[in-house]
Amino acid sequence: MHTIVIDANYQVLVKSGNKPTVFHDSSLTQAVDAQLLHRLHLGAPGGDLTVVQLDADLSSALPGFELASLRSLLVPLEESAFQWLGRGIQLCRWQTEHRFCGKCGSPTEPSATDEALVCPSCELSFYPKISPCVIGLIENGDHCLLARGARHPEAMFSTIAGFIEAGENAEQAFAREVQEEVGVVVEDITYLYSQPWPFPGQLMLGFTANFAGGDISVDGEEILEAHWYRYDQLPLIPPDSTISGRIIRDFVRRKQFATP
């Protein structure tokens, strides 16, 4: 049985090396004198997987290991490994944040039938929180619109993204986010694919759309700058492990294939 170990702040215990190791032998946690916060069993492909959350200084207690943030493991880990790691951390966070009922304050208990925490007093159920988001690329012939957000590295440009609001479908949310963030209008919004994004618990729904009009206008706070880029003259973009990076690279491949 493989084990993933995290600390109280959702930092991941990794064995250092060229490629960090997050899957450990189940006996590893026996060497740590710590308070057990959560132990979750996940039915991962290829065998059982246990996620253990401990309240301890794990890197000091286990020489040869160190703590890493979930985000820092996005690129070096294989996609399937990162998804299982993200799932484990999301479930630990969910159990921590819903120990008590938000309606009556009673302690919650695990459901006997669902992946839920249930209040035995008022019978309210709490499921793991998943926030649906839209993300996508605006195309205009051989050019695409890329923006640099306030939280991006200084040289990196990416796609437009945002949360779906109450009462919206995904296409409406994407059109609204585009107009709010970069001031242009889009049409022919087409769904591509999705990606779980555990920061802390989003589901990213990816789209492409065609430019329909308007001039680029950014707010200078959430989006710092945005420009049109030809497919073969792109700035630094997110890695292929992200849905934004994949959408942009798919656009580039389509244009390269179409070019005689």
# chains A, B, ... in the order shown; residues from 1 in each chain; ligands from 1
>>> residues_around(residues="region 236-246 of chain A", least_positions_apart="2", cutoff="8 Å", atoms="only C-alpha atoms", output="VMD selection string")
chain A and resid 74 to 75 79 135 to 136 155 to 159 194 to 195 204 206 234 248 to 250
>>> write_last_selection(atoms="C-alpha atoms", output="compact mmCIF listing (two decimals), in the first residue's frame")
# COMPACT_ATOMS: atom_id res chain seq x y z
CA LEU A 74 2.37 20.49 -10.72
CA VAL A 75 5.14 20.25 -13.33
CA GLU A 79 -0.64 14.05 -14.35
CA ILE A 135 -10.95 29.14 -19.00
CA GLY A 136 -10.33 29.66 -22.67
CA ALA A 155 6.90 37.39 -18.27
CA MET A 156 4.09 34.80 -18.50
CA PHE A 157 0.91 35.31 -20.51
CA SER A 158 -2.08 32.99 -20.40
CA THR A 159 -5.74 32.51 -21.26
CA SER A 194 -11.61 19.96 -18.47
CA GLN A 195 -9.02 19.68 -15.72
CA MET A 204 -11.61 24.09 -15.00
CA GLY A 206 -11.80 24.77 -21.21
CA LEU A 234 4.04 33.72 -28.61
CA ILE A 248 -2.71 27.46 -26.38
CA ARG A 249 -0.52 24.66 -27.80
CA ASP A 250 -3.55 23.07 -29.47
>>> closest_residue(among="A:Val12, A:Ile160, A:Cys104, A:Phe126", to="Phe82 (chain A)", atoms="only C-alpha atoms")
A:Val12
>>> closest_residue(among="A:Asn140, A:Ser217, A:Thr50, A:Gln256", to="Gly88 (chain A)", atoms="only C-alpha atoms")
A:Thr50
>>> select_by_dssp(residues="region 54-106 of chain A", states="strand (DSSP E)", output="MDAnalysis selection string")
chainID A and resid 54:55 65:68
>>> closest_residue(among="A:Asn9, A:Thr21, A:Ser106, A:Ser125", to="Leu58 (chain A)", atoms="only C-alpha atoms")
A:Asn9
